[in-house]
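Enquirer: What follows is a structure written as structure tokens; I'll ask about it next.
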Amino acid sequence: MDQLQVLLDRNTSWAQRKVADDPQFFRRLVGQQNPEYLWIGCADSRVPANEIVDLPPGELFVHRNVANVVSLHDNNCQSVIEFAVKALQVKHIMVVGHYGCSGVRCALENHSVGPCSDTWLEQVKDVRRRHAALIEAEPDDNRRHTLLCELNVLEQTFNVCCSPAVVEAWRSGQELSVHGWIYRLSDGCVRHLDFSIGGEEGLERLRDAALDGIQAIRAQYYAQRHPRP
């Protein structure tokens, strides 16, 4: 317990600072949860959702897991999506991956963590297998890793679009959009992967277009860094 006391002390200091800056801060939080956004991200400790988009508590509904996976068979994730869409009526769902993701690297390199993690990361390995030709065409491990981080966001975003609560919302005419983002640890910036959709129509076409966009942006980026003679 003594080892954790520093965290309890920091909590006390934080709460006192909040009240000093805004005496009504916690009273408002008690009476409200009306976020417009659901953030589905990685559990990585370097990727704090609210801080990255500079939103206070109460403005962002958050679900995080290893490698920002969205599985149609994961009741945890699907219940978060369902609650966000049906109970909170969020207008936007963002799947947010990040470069340097350890879970994605384990899936890429077939590195075993343990039985639970290995089973979970099979879903990222499915993405790797789906896009094996593109990934293997990359010239080095770092580029293969960054590409799989991007492709994983794309495929997990697609899975959100296939989630029962999202499909039901769209069919009922509810305003709801789904987006794929990726975060760069080295500069703190989020990039949109050009996959945004507000309905079932054209889902496969938009996924293919986003895949083409990922490849085009990568080609341009690496051409600028390493121009051909």
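A note on labels: chains of the structure tokens are A, B, ... as shown, every chain counts residues from 1, and ligands are counted from 1 in their shown order.
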Excluding same-chain residues fewer than 6 positions from A:Ala210, what lies within 10 Å of it counting only C-alpha atoms, as a PyMOL selection string?
Expert: chain A and resi 151+154+180+193-196+204+216
Enquirer: Keeping only N, CA, C and O atoms, write those residues as a PDB file, in the first residue's frame.
Expert:
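Result went into out.pdb, see below:
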ATOM      1  N   LEU A 151      -2.919  -0.148 -41.315  1.00  0.00           N
ATOM      2  CA  LEU A 151      -3.901  -1.111 -41.823  1.00  0.00           C
ATOM      3  C   LEU A 151      -4.779  -1.657 -40.707  1.00  0.00           C
ATOM      4  O   LEU A 151      -5.970  -1.916 -40.919  1.00  0.00           O
ATOM      5  N   LEU A 154      -7.496   0.801 -40.149  1.00  0.00           N
ATOM      6  CA  LEU A 154      -8.478   0.709 -41.228  1.00  0.00           C
ATOM      7  C   LEU A 154      -9.428  -0.468 -41.010  1.00  0.00           C
ATOM      8  O   LEU A 154     -10.653  -0.315 -41.087  1.00  0.00           O
ATOM      9  N   GLY A 180     -11.292   6.675 -38.953  1.00  0.00           N
ATOM     10  CA  GLY A 180     -10.035   6.016 -38.634  1.00  0.00           C
ATOM     11  C   GLY A 180      -8.915   7.033 -38.491  1.00  0.00           C
ATOM     12  O   GLY A 180      -8.645   7.793 -39.432  1.00  0.00           O
ATOM     13  N   LEU A 193      -6.911   8.952 -41.476  1.00  0.00           N
ATOM     14  CA  LEU A 193      -6.565   8.003 -42.532  1.00  0.00           C
ATOM     15  C   LEU A 193      -7.573   8.012 -43.677  1.00  0.00           C
ATOM     16  O   LEU A 193      -7.628   7.066 -44.467  1.00  0.00           O
ATOM     17  N   ASP A 194      -8.348   9.079 -43.781  1.00  0.00           N
ATOM     18  CA  ASP A 194      -9.289   9.258 -44.888  1.00  0.00           C
ATOM     19  C   ASP A 194     -10.311   8.132 -44.984  1.00  0.00           C
ATOM     20  O   ASP A 194     -10.717   7.736 -46.072  1.00  0.00           O
ATOM     21  N   PHE A 195     -10.698   7.611 -43.815  1.00  0.00           N
ATOM     22  CA  PHE A 195     -11.801   6.663 -43.768  1.00  0.00           C
ATOM     23  C   PHE A 195     -12.833   7.229 -42.816  1.00  0.00           C
ATOM     24  O   PHE A 195     -12.720   7.108 -41.603  1.00  0.00           O
ATOM     25  N   SER A 196     -13.834   7.878 -43.380  1.00  0.00           N
ATOM     26  CA  SER A 196     -14.958   8.418 -42.621  1.00  0.00           C
ATOM     27  C   SER A 196     -16.235   8.003 -43.326  1.00  0.00           C
ATOM     28  O   SER A 196     -16.351   8.163 -44.547  1.00  0.00           O
ATOM     29  N   GLU A 204     -17.581  -0.874 -48.647  1.00  0.00           N
ATOM     30  CA  GLU A 204     -16.416  -1.538 -49.242  1.00  0.00           C
ATOM     31  C   GLU A 204     -15.646  -0.590 -50.159  1.00  0.00           C
ATOM     32  O   GLU A 204     -14.411  -0.594 -50.176  1.00  0.00           O
ATOM     33  N   ALA A 216      -0.756   5.832 -51.174  1.00  0.00           N
ATOM     34  CA  ALA A 216      -0.303   7.035 -51.869  1.00  0.00           C
ATOM     35  C   ALA A 216       0.441   7.973 -50.932  1.00  0.00           C
ATOM     36  O   ALA A 216       1.499   8.528 -51.293  1.00  0.00           O
TER      37      ALA A 216
END
Enquirer: With distances taken over only C-alpha atoms, which of A:Cys149, A:Ile81, A:Val66, A:Leu72 is nearest to A:Asp44?
Expert: A:Val66
Enquirer: Could you tell me, as a VMD selection string, which residues of stretch 6-222 of chain A DSSP assigns to strand (DSSP E or B) when given the backbone?
Expert: chain A and resid 37 to 42 60 to 65 92 to 98 177 to 184 189 to 197
Enquirer: Can you work out which one of A:Glu138, A:Glu201, A:Glu155, A:Glu150 has the shortest atom-to-atom distance to A:Arg171, counting only C-alpha atoms?
Expert: A:Glu201
Enquirer: Can I get the residues of stretch 5-43 of chain A within 12 Å of stretch 99-113 of chain A, each with the closest pair of atoms and their distance in Å to one decimal, using only C-alpha atoms, sorted chain first then ascending number, as a tab-separated table?
Expert:
residue	atom	partner	partner_atom	distance
A:Gly41	CA	A:Cys101	CA	11.0
A:Cys42	CA	A:Cys101	CA	8.1
A:Ala43	CA	A:Gly103	CA	9.7
Enquirer: If we count only C-alpha atoms and set the cut-off at 8 Å, which residues sit around A:Ile40, ignoring sequence neighbours fewer than 3 positions away in its own chain? Please answer as a PyMOL selection string.
Expert: chain A and resi 62-64+68+93-96
Enquirer: Env of A:Val178: 12 Å cut, atoms = only C-alpha atoms, seq-sep filter 2 positions within chain, self excluded. Answer as a short mmCIF file (atom, residue, chain, number, x, y, z; two decimals) with all heavy atoms, in the first residue's frame.
Expert:
data_model
loop_
_atom_site.label_atom_id
_atom_site.label_comp_id
_atom_site.auth_asym_id
_atom_site.auth_seq_id
_atom_site.Cartn_x
_atom_site.Cartn_y
_atom_site.Cartn_z
N TYR A 37 -18.51 12.02 -28.69
CA TYR A 37 -17.48 11.21 -29.31
C TYR A 37 -17.22 9.93 -28.51
O TYR A 37 -17.17 9.94 -27.28
CB TYR A 37 -16.16 11.99 -29.38
CG TYR A 37 -16.31 13.40 -29.87
CD1 TYR A 37 -16.31 14.46 -28.97
CD2 TYR A 37 -16.44 13.69 -31.23
CE1 TYR A 37 -16.44 15.76 -29.40
CE2 TYR A 37 -16.57 14.99 -31.67
CZ TYR A 37 -16.57 16.02 -30.76
OH TYR A 37 -16.70 17.32 -31.19
N LEU A 38 -17.01 8.84 -29.23
CA LEU A 38 -16.48 7.61 -28.66
C LEU A 38 -15.10 7.39 -29.25
O LEU A 38 -14.93 7.32 -30.47
CB LEU A 38 -17.38 6.42 -28.98
CG LEU A 38 -16.78 5.02 -28.72
CD1 LEU A 38 -16.40 4.85 -27.25
CD2 LEU A 38 -17.74 3.92 -29.17
N TRP A 39 -14.12 7.27 -28.39
CA TRP A 39 -12.73 7.01 -28.77
C TRP A 39 -12.43 5.54 -28.48
O TRP A 39 -12.56 5.08 -27.36
CB TRP A 39 -11.82 7.92 -27.96
CG TRP A 39 -10.34 7.68 -28.03
CD1 TRP A 39 -9.65 6.58 -27.59
CD2 TRP A 39 -9.34 8.59 -28.54
NE1 TRP A 39 -8.31 6.74 -27.79
CE2 TRP A 39 -8.09 7.97 -28.37
CE3 TRP A 39 -9.41 9.86 -29.09
CZ2 TRP A 39 -6.90 8.59 -28.75
CZ3 TRP A 39 -8.22 10.48 -29.47
CH2 TRP A 39 -7.00 9.86 -29.30
N ILE A 40 -12.06 4.80 -29.51
CA ILE A 40 -11.62 3.41 -29.34
C ILE A 40 -10.13 3.39 -29.65
O ILE A 40 -9.73 3.57 -30.80
CB ILE A 40 -12.39 2.45 -30.25
CG1 ILE A 40 -13.89 2.51 -29.94
CG2 ILE A 40 -11.87 1.02 -30.07
CD1 ILE A 40 -14.76 1.66 -30.86
N ILE A 81 -19.67 0.18 -27.51
CA ILE A 81 -20.22 0.79 -28.73
C ILE A 81 -21.73 0.93 -28.61
O ILE A 81 -22.31 1.99 -28.93
CB ILE A 81 -19.84 -0.06 -29.96
CG1 ILE A 81 -18.32 0.00 -30.21
CG2 ILE A 81 -20.60 0.42 -31.20
CD1 ILE A 81 -17.84 -0.94 -31.29
N VAL A 85 -23.71 4.47 -28.57
CA VAL A 85 -24.62 4.79 -29.68
C VAL A 85 -26.06 4.92 -29.20
O VAL A 85 -26.78 5.86 -29.56
CB VAL A 85 -24.50 3.72 -30.78
CG1 VAL A 85 -25.59 3.91 -31.85
CG2 VAL A 85 -23.12 3.77 -31.43
N VAL A 90 -23.88 9.25 -29.17
CA VAL A 90 -22.69 9.92 -29.71
C VAL A 90 -22.86 10.11 -31.21
O VAL A 90 -23.58 9.36 -31.87
CB VAL A 90 -21.40 9.12 -29.42
CG1 VAL A 90 -21.17 8.98 -27.92
CG2 VAL A 90 -21.40 7.77 -30.12
N LYS A 91 -22.18 11.10 -31.73
CA LYS A 91 -22.28 11.39 -33.16
C LYS A 91 -21.06 10.91 -33.95
O LYS A 91 -21.12 10.80 -35.17
CB LYS A 91 -22.48 12.89 -33.38
CG LYS A 91 -23.83 13.41 -32.90
CD LYS A 91 -23.98 14.89 -33.21
CE LYS A 91 -25.41 15.37 -32.93
NZ LYS A 91 -25.83 15.15 -31.53
N HIS A 92 -19.98 10.64 -33.23
CA HIS A 92 -18.75 10.23 -33.91
C HIS A 92 -18.07 9.11 -33.13
O HIS A 92 -17.97 9.19 -31.90
CB HIS A 92 -17.77 11.40 -34.05
CG HIS A 92 -18.32 12.55 -34.82
ND1 HIS A 92 -18.28 12.60 -36.20
CD2 HIS A 92 -18.93 13.69 -34.41
CE1 HIS A 92 -18.84 13.74 -36.61
NE2 HIS A 92 -19.24 14.41 -35.54
N ILE A 93 -17.60 8.11 -33.85
CA ILE A 93 -16.75 7.06 -33.27
C ILE A 93 -15.41 7.12 -33.99
O ILE A 93 -15.36 7.02 -35.22
CB ILE A 93 -17.38 5.67 -33.43
CG1 ILE A 93 -18.75 5.60 -32.75
CG2 ILE A 93 -16.44 4.59 -32.86
CD1 ILE A 93 -19.49 4.30 -32.97
N MET A 94 -14.33 7.27 -33.23
CA MET A 94 -13.00 7.29 -33.80
C MET A 94 -12.22 6.07 -33.33
O MET A 94 -12.12 5.83 -32.13
CB MET A 94 -12.23 8.55 -33.38
CG MET A 94 -12.91 9.86 -33.79
SD MET A 94 -14.04 10.48 -32.53
CE MET A 94 -12.89 11.05 -31.28
N VAL A 95 -11.72 5.29 -34.27
CA VAL A 95 -10.75 4.24 -33.93
C VAL A 95 -9.37 4.87 -34.09
O VAL A 95 -9.02 5.36 -35.16
CB VAL A 95 -10.90 3.02 -34.85
CG1 VAL A 95 -9.81 1.98 -34.53
CG2 VAL A 95 -12.28 2.40 -34.70
N VAL A 96 -8.60 4.86 -33.00
CA VAL A 96 -7.33 5.59 -32.99
C VAL A 96 -6.19 4.64 -32.67
O VAL A 96 -6.03 4.19 -31.53
CB VAL A 96 -7.36 6.74 -31.97
CG1 VAL A 96 -6.11 7.61 -32.13
CG2 VAL A 96 -8.62 7.59 -32.13
N VAL A 153 -5.75 0.03 -38.08
CA VAL A 153 -6.78 1.06 -37.85
C VAL A 153 -7.89 0.94 -38.89
O VAL A 153 -9.08 0.97 -38.57
CB VAL A 153 -6.16 2.47 -37.88
CG1 VAL A 153 -7.26 3.53 -37.90
CG2 VAL A 153 -5.25 2.69 -36.70
N LEU A 154 -7.50 0.80 -40.15
CA LEU A 154 -8.48 0.71 -41.23
C LEU A 154 -9.43 -0.47 -41.01
O LEU A 154 -10.65 -0.31 -41.09
CB LEU A 154 -7.76 0.57 -42.57
CG LEU A 154 -8.65 0.38 -43.80
CD1 LEU A 154 -9.55 1.60 -44.00
CD2 LEU A 154 -7.80 0.13 -45.04
N GLN A 156 -10.02 -2.26 -38.21
CA GLN A 156 -10.82 -2.15 -36.99
C GLN A 156 -11.93 -1.11 -37.14
O GLN A 156 -13.02 -1.27 -36.58
CB GLN A 156 -9.93 -1.83 -35.78
CG GLN A 156 -8.77 -2.79 -35.57
CD GLN A 156 -9.15 -4.26 -35.52
OE1 GLN A 156 -10.27 -4.62 -35.15
NE2 GLN A 156 -8.22 -5.12 -35.91
N THR A 157 -11.66 -0.07 -37.90
CA THR A 157 -12.71 0.92 -38.20
C THR A 157 -13.82 0.28 -39.00
O THR A 157 -15.02 0.51 -38.75
CB THR A 157 -12.12 2.12 -38.95
OG1 THR A 157 -11.02 2.66 -38.22
CG2 THR A 157 -13.16 3.21 -39.16
N PHE A 158 -13.44 -0.54 -39.97
CA PHE A 158 -14.43 -1.28 -40.75
C PHE A 158 -15.27 -2.18 -39.84
O PHE A 158 -16.49 -2.29 -40.01
CB PHE A 158 -13.71 -2.11 -41.82
CG PHE A 158 -14.63 -2.83 -42.75
CD1 PHE A 158 -15.18 -2.19 -43.85
CD2 PHE A 158 -14.95 -4.16 -42.54
CE1 PHE A 158 -16.04 -2.86 -44.71
CE2 PHE A 158 -15.80 -4.84 -43.39
CZ PHE A 158 -16.35 -4.19 -44.50
N ASN A 159 -14.62 -2.80 -38.85
CA ASN A 159 -15.36 -3.65 -37.91
C ASN A 159 -16.38 -2.85 -37.11
O ASN A 159 -17.47 -3.35 -36.80
CB ASN A 159 -14.39 -4.36 -36.96
CG ASN A 159 -13.60 -5.45 -37.65
OD1 ASN A 159 -13.94 -5.88 -38.75
ND2 ASN A 159 -12.52 -5.89 -37.01
N VAL A 160 -16.04 -1.61 -36.74
CA VAL A 160 -17.01 -0.75 -36.05
C VAL A 160 -18.24 -0.57 -36.92
O VAL A 160 -19.38 -0.64 -36.45
CB VAL A 160 -16.40 0.61 -35.69
CG1 VAL A 160 -17.48 1.56 -35.17
CG2 VAL A 160 -15.31 0.46 -34.65
N CYS A 161 -18.01 -0.35 -38.22
CA CYS A 161 -19.13 -0.13 -39.14
C CYS A 161 -20.03 -1.35 -39.25
O CYS A 161 -21.20 -1.22 -39.63
CB CYS A 161 -18.59 0.24 -40.52
SG CYS A 161 -17.69 1.80 -40.59
N CYS A 162 -19.49 -2.53 -38.94
CA CYS A 162 -20.27 -3.76 -39.00
C CYS A 162 -20.87 -4.14 -37.65
O CYS A 162 -21.58 -5.15 -37.55
CB CYS A 162 -19.38 -4.90 -39.50
SG CYS A 162 -18.75 -4.66 -41.17
N SER A 163 -20.58 -3.35 -36.62
CA SER A 163 -21.11 -3.65 -35.29
C SER A 163 -22.64 -3.49 -35.28
O SER A 163 -23.16 -2.54 -35.87
CB SER A 163 -20.48 -2.71 -34.25
OG SER A 163 -19.09 -2.94 -34.17
N VAL A 166 -24.17 -0.04 -34.52
CA VAL A 166 -23.90 0.97 -35.55
C VAL A 166 -24.81 0.74 -36.75
O VAL A 166 -25.41 1.68 -37.29
CB VAL A 166 -22.42 0.95 -35.95
CG1 VAL A 166 -22.17 1.86 -37.15
CG2 VAL A 166 -21.55 1.36 -34.77
N VAL A 167 -24.91 -0.51 -37.18
CA VAL A 167 -25.78 -0.83 -38.31
C VAL A 167 -27.22 -0.45 -38.01
O VAL A 167 -27.91 0.17 -38.84
CB VAL A 167 -25.68 -2.34 -38.65
CG1 VAL A 167 -26.72 -2.72 -39.71
CG2 VAL A 167 -24.28 -2.69 -39.14
N ALA A 169 -28.27 1.80 -35.90
CA ALA A 169 -28.38 3.26 -35.84
C ALA A 169 -28.51 3.84 -37.24
O ALA A 169 -29.34 4.72 -37.50
CB ALA A 169 -27.17 3.84 -35.12
N TRP A 170 -27.68 3.39 -38.15
CA TRP A 170 -27.73 3.91 -39.51
C TRP A 170 -29.07 3.58 -40.18
O TRP A 170 -29.65 4.42 -40.87
CB TRP A 170 -26.58 3.33 -40.32
CG TRP A 170 -25.27 4.04 -40.06
CD1 TRP A 170 -25.09 5.29 -39.57
CD2 TRP A 170 -23.96 3.51 -40.30
NE1 TRP A 170 -23.75 5.59 -39.48
CE2 TRP A 170 -23.04 4.52 -39.91
CE3 TRP A 170 -23.47 2.29 -40.77
CZ2 TRP A 170 -21.66 4.35 -40.02
CZ3 TRP A 170 -22.11 2.12 -40.87
CH2 TRP A 170 -21.20 3.13 -40.51
N GLU A 175 -27.92 10.02 -36.69
CA GLU A 175 -26.71 10.70 -37.15
C GLU A 175 -25.50 10.09 -36.46
O GLU A 175 -25.34 10.19 -35.24
CB GLU A 175 -26.79 12.20 -36.83
CG GLU A 175 -25.57 12.98 -37.28
CD GLU A 175 -25.62 14.43 -36.86
OE1 GLU A 175 -26.68 14.87 -36.36
OE2 GLU A 175 -24.60 15.14 -37.02
N LEU A 176 -24.63 9.45 -37.23
CA LEU A 176 -23.47 8.77 -36.65
C LEU A 176 -22.42 8.58 -37.74
O LEU A 176 -22.72 8.08 -38.82
CB LEU A 176 -23.88 7.41 -36.09
CG LEU A 176 -22.76 6.55 -35.49
CD1 LEU A 176 -22.17 7.22 -34.24
CD2 LEU A 176 -23.28 5.15 -35.14
N GLY A 180 -11.29 6.67 -38.95
CA GLY A 180 -10.04 6.02 -38.63
C GLY A 180 -8.92 7.03 -38.49
O GLY A 180 -8.64 7.79 -39.43
N TRP A 181 -8.27 7.06 -37.32
CA TRP A 181 -7.17 7.99 -37.05
C TRP A 181 -5.94 7.22 -36.60
O TRP A 181 -6.04 6.10 -36.12
CB TRP A 181 -7.55 8.94 -35.91
CG TRP A 181 -8.59 9.96 -36.18
CD1 TRP A 181 -9.30 10.14 -37.34
CD2 TRP A 181 -9.07 10.95 -35.27
NE1 TRP A 181 -10.18 11.18 -37.20
CE2 TRP A 181 -10.06 11.70 -35.93
CE3 TRP A 181 -8.75 11.27 -33.95
CZ2 TRP A 181 -10.74 12.75 -35.33
CZ3 TRP A 181 -9.41 12.31 -33.34
CH2 TRP A 181 -10.39 13.05 -34.03
N HIS A 192 -5.67 11.80 -39.87
CA HIS A 192 -6.85 11.12 -40.36
C HIS A 192 -6.43 10.19 -41.50
O HIS A 192 -5.68 10.59 -42.38
CB HIS A 192 -7.85 12.16 -40.88
CG HIS A 192 -9.27 11.67 -40.91
ND1 HIS A 192 -9.65 10.56 -41.63
CD2 HIS A 192 -10.40 12.13 -40.32
CE1 HIS A 192 -10.95 10.37 -41.47
NE2 HIS A 192 -11.42 11.31 -40.68
N LEU A 193 -6.91 8.95 -41.48
CA LEU A 193 -6.57 8.00 -42.53
C LEU A 193 -7.57 8.01 -43.68
O LEU A 193 -7.63 7.07 -44.47
CB LEU A 193 -6.45 6.59 -41.94
CG LEU A 193 -5.22 6.36 -41.05
CD1 LEU A 193 -5.21 4.94 -40.51
CD2 LEU A 193 -3.93 6.66 -41.80
N ASP A 194 -8.35 9.08 -43.78
CA ASP A 194 -9.29 9.26 -44.89
C ASP A 194 -10.31 8.13 -44.98
O ASP A 194 -10.72 7.74 -46.07
CB ASP A 194 -8.55 9.42 -46.22
CG ASP A 194 -7.76 10.71 -46.29
OD1 ASP A 194 -8.24 11.71 -45.72
OD2 ASP A 194 -6.68 10.73 -46.89
N PHE A 195 -10.70 7.61 -43.81
CA PHE A 195 -11.80 6.66 -43.77
C PHE A 195 -12.83 7.23 -42.82
O PHE A 195 -12.72 7.11 -41.60
CB PHE A 195 -11.32 5.28 -43.30
CG PHE A 195 -12.40 4.23 -43.37
CD1 PHE A 195 -12.70 3.62 -44.57
CD2 PHE A 195 -13.11 3.85 -42.25
CE1 PHE A 195 -13.70 2.65 -44.65
CE2 PHE A 195 -14.11 2.88 -42.31
CZ PHE A 195 -14.40 2.28 -43.52
N SER A 196 -13.83 7.88 -43.38
CA SER A 196 -14.96 8.42 -42.62
C SER A 196 -16.23 8.00 -43.33
O SER A 196 -16.35 8.16 -44.55
CB SER A 196 -14.90 9.95 -42.53
OG SER A 196 -13.89 10.36 -41.65
N ILE A 197 -17.17 7.49 -42.57
CA ILE A 197 -18.40 7.02 -43.19
C ILE A 197 -19.57 7.28 -42.27
O ILE A 197 -19.45 7.17 -41.05
CB ILE A 197 -18.29 5.52 -43.55
CG1 ILE A 197 -19.52 5.06 -44.33
CG2 ILE A 197 -18.05 4.67 -42.32
CD1 ILE A 197 -19.35 3.72 -45.01
N GLY A 198 -20.70 7.65 -42.86
CA GLY A 198 -21.88 7.96 -42.08
C GLY A 198 -23.07 7.09 -42.42
O GLY A 198 -24.22 7.45 -42.12
N GLY A 199 -22.82 5.93 -43.05
CA GLY A 199 -23.91 5.02 -43.40
C GLY A 199 -23.37 3.77 -44.05
O GLY A 199 -22.19 3.66 -44.36
N GLU A 200 -24.27 2.81 -44.27
CA GLU A 200 -23.86 1.52 -44.83
C GLU A 200 -23.47 1.59 -46.30
O GLU A 200 -22.65 0.81 -46.77
CB GLU A 200 -25.01 0.51 -44.69
CG GLU A 200 -25.28 0.02 -43.29
CD GLU A 200 -26.36 -1.03 -43.29
OE1 GLU A 200 -27.55 -0.64 -43.32
OE2 GLU A 200 -26.02 -2.22 -43.26
N LEU A 203 -19.66 1.07 -48.27
CA LEU A 203 -18.67 0.79 -47.24
C LEU A 203 -17.41 0.15 -47.83
O LEU A 203 -16.29 0.58 -47.54
CB LEU A 203 -19.29 -0.11 -46.17
CG LEU A 203 -18.42 -0.45 -44.96
CD1 LEU A 203 -17.96 0.81 -44.26
CD2 LEU A 203 -19.21 -1.34 -43.99
N LEU A 206 -15.42 2.65 -49.90
CA LEU A 206 -14.68 3.61 -49.08
C LEU A 206 -13.46 2.96 -48.42
O LEU A 206 -12.42 3.60 -48.28
CB LEU A 206 -15.61 4.20 -48.02
CG LEU A 206 -16.64 5.20 -48.52
CD1 LEU A 206 -17.62 5.55 -47.41
CD2 LEU A 206 -15.96 6.46 -49.02
N ARG A 207 -13.60 1.70 -48.04
CA ARG A 207 -12.44 1.02 -47.47
C ARG A 207 -11.34 0.88 -48.52
O ARG A 207 -10.16 1.12 -48.22
CB ARG A 207 -12.83 -0.36 -46.94
CG ARG A 207 -11.62 -1.09 -46.32
CD ARG A 207 -12.00 -2.31 -45.53
NE ARG A 207 -12.51 -3.39 -46.33
CZ ARG A 207 -12.72 -4.63 -45.87
NH1 ARG A 207 -12.49 -4.91 -44.61
NH2 ARG A 207 -13.19 -5.57 -46.66
#
Enquirer: Considering only C-alpha atoms, can you say which of A:His73, A:Arg218, A:Arg17, A:His179 comes closest to A:Trp120?
Expert: A:His73
Enquirer: Quick check for you: according to DSSP on this backbone, which residues of stretch 45-183 of chain A are classed as helix (DSSP H, G or I)? Reply as a ChimeraX atom specification.
Expert: /A:49-52,66-68,75-87,102-109,115-130,132-136,141-161,164-171
Enquirer: Taking only C-alpha atoms into account, which of A:Ala219, A:Val70, A:Leu148, A:Leu29 comes nearest A:His98?
Expert: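 Comparing A:Ala219, A:Val70, A:Leu148, A:Leu29 against A:His98, the winner is A:Leu148.
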Enquirer: When you draw a straight line from atom CA of A:Val30 to atom CA of A:Gly58, how long is it in Å?
Expert: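 Calculated distance between atom CA of A:Val30 and atom CA of A:Gly58 is 9.5 Å.
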Enquirer: Need to verify the contact set: A:Gln32, 12 Å, only C-alpha atoms, exclusion of same-chain residues closer than 4 positions in sequence. Can you return it as a list in words?
Expert: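 Selected residues are Phe25, Phe26, Arg27, Arg28, Pro57, Gly58, Glu59, Leu60 and Leu88 of chain A.
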Enquirer: Let me see the file: selected residues, all heavy atoms, as a compact mmCIF listing (two decimals), in the first residue's frame.
Expert:
# COMPACT_ATOMS: atom_id res chain seq x y z
N PHE A 25 -16.34 22.47 -10.78
CA PHE A 25 -15.88 21.44 -11.72
C PHE A 25 -16.50 20.08 -11.43
O PHE A 25 -17.13 19.47 -12.31
CB PHE A 25 -14.35 21.34 -11.67
CG PHE A 25 -13.78 20.30 -12.59
CD1 PHE A 25 -13.62 20.56 -13.94
CD2 PHE A 25 -13.40 19.05 -12.10
CE1 PHE A 25 -13.09 19.60 -14.79
CE2 PHE A 25 -12.87 18.08 -12.95
CZ PHE A 25 -12.72 18.36 -14.29
N PHE A 26 -16.38 19.58 -10.23
CA PHE A 26 -16.87 18.24 -9.92
C PHE A 26 -18.39 18.20 -9.82
O PHE A 26 -19.01 17.17 -10.14
CB PHE A 26 -16.21 17.72 -8.64
CG PHE A 26 -14.75 17.44 -8.80
CD1 PHE A 26 -13.79 18.24 -8.19
CD2 PHE A 26 -14.32 16.38 -9.59
CE1 PHE A 26 -12.44 17.99 -8.36
CE2 PHE A 26 -12.96 16.12 -9.77
CZ PHE A 26 -12.02 16.93 -9.15
N ARG A 27 -19.00 19.29 -9.40
CA ARG A 27 -20.47 19.32 -9.35
C ARG A 27 -21.05 19.18 -10.76
O ARG A 27 -22.07 18.51 -10.95
CB ARG A 27 -20.94 20.62 -8.70
CG ARG A 27 -20.62 20.69 -7.20
CD ARG A 27 -21.23 21.93 -6.57
NE ARG A 27 -20.91 22.00 -5.14
CZ ARG A 27 -21.32 22.96 -4.33
NH1 ARG A 27 -22.10 23.94 -4.80
NH2 ARG A 27 -20.97 22.95 -3.05
N ARG A 28 -20.41 19.82 -11.72
CA ARG A 28 -20.88 19.68 -13.10
C ARG A 28 -20.71 18.25 -13.61
O ARG A 28 -21.57 17.72 -14.31
CB ARG A 28 -20.13 20.64 -14.03
CG ARG A 28 -20.56 22.09 -13.90
CD ARG A 28 -20.15 22.89 -15.14
NE ARG A 28 -18.72 22.75 -15.40
CZ ARG A 28 -17.78 23.50 -14.83
NH1 ARG A 28 -18.12 24.44 -13.95
NH2 ARG A 28 -16.51 23.33 -15.12
N PRO A 57 -12.82 15.97 -18.84
CA PRO A 57 -13.68 14.83 -18.49
C PRO A 57 -15.15 15.14 -18.82
O PRO A 57 -15.61 16.26 -18.67
CB PRO A 57 -13.48 14.70 -16.98
CG PRO A 57 -12.12 15.26 -16.72
CD PRO A 57 -11.98 16.40 -17.70
N GLY A 58 -15.84 14.13 -19.31
CA GLY A 58 -17.25 14.29 -19.66
C GLY A 58 -17.50 14.53 -21.13
O GLY A 58 -18.64 14.46 -21.58
N GLU A 59 -16.43 14.80 -21.89
CA GLU A 59 -16.60 15.13 -23.30
C GLU A 59 -16.24 13.99 -24.24
O GLU A 59 -16.51 14.06 -25.44
CB GLU A 59 -15.71 16.34 -23.66
CG GLU A 59 -16.04 17.61 -22.90
CD GLU A 59 -17.40 18.17 -23.24
OE1 GLU A 59 -17.85 17.97 -24.40
OE2 GLU A 59 -18.04 18.77 -22.37
N LEU A 60 -15.64 12.94 -23.70
CA LEU A 60 -15.15 11.85 -24.55
C LEU A 60 -15.42 10.51 -23.86
O LEU A 60 -14.95 10.27 -22.75
CB LEU A 60 -13.64 12.03 -24.78
CG LEU A 60 -12.95 11.19 -25.86
CD1 LEU A 60 -13.42 11.64 -27.25
CD2 LEU A 60 -11.43 11.36 -25.76
N LEU A 88 -25.97 7.08 -25.08
CA LEU A 88 -25.37 8.42 -25.09
C LEU A 88 -25.59 9.18 -26.39
O LEU A 88 -25.37 10.39 -26.44
CB LEU A 88 -23.86 8.30 -24.82
CG LEU A 88 -23.48 7.69 -23.47
CD1 LEU A 88 -21.96 7.57 -23.37
CD2 LEU A 88 -24.04 8.49 -22.31
Enquirer: Taking only C-alpha atoms into account, name the residue in A:Pro48, A:Ala67, A:Ala137, A:Ser172 that is nearest to A:Leu121.
Expert: A:Ala67
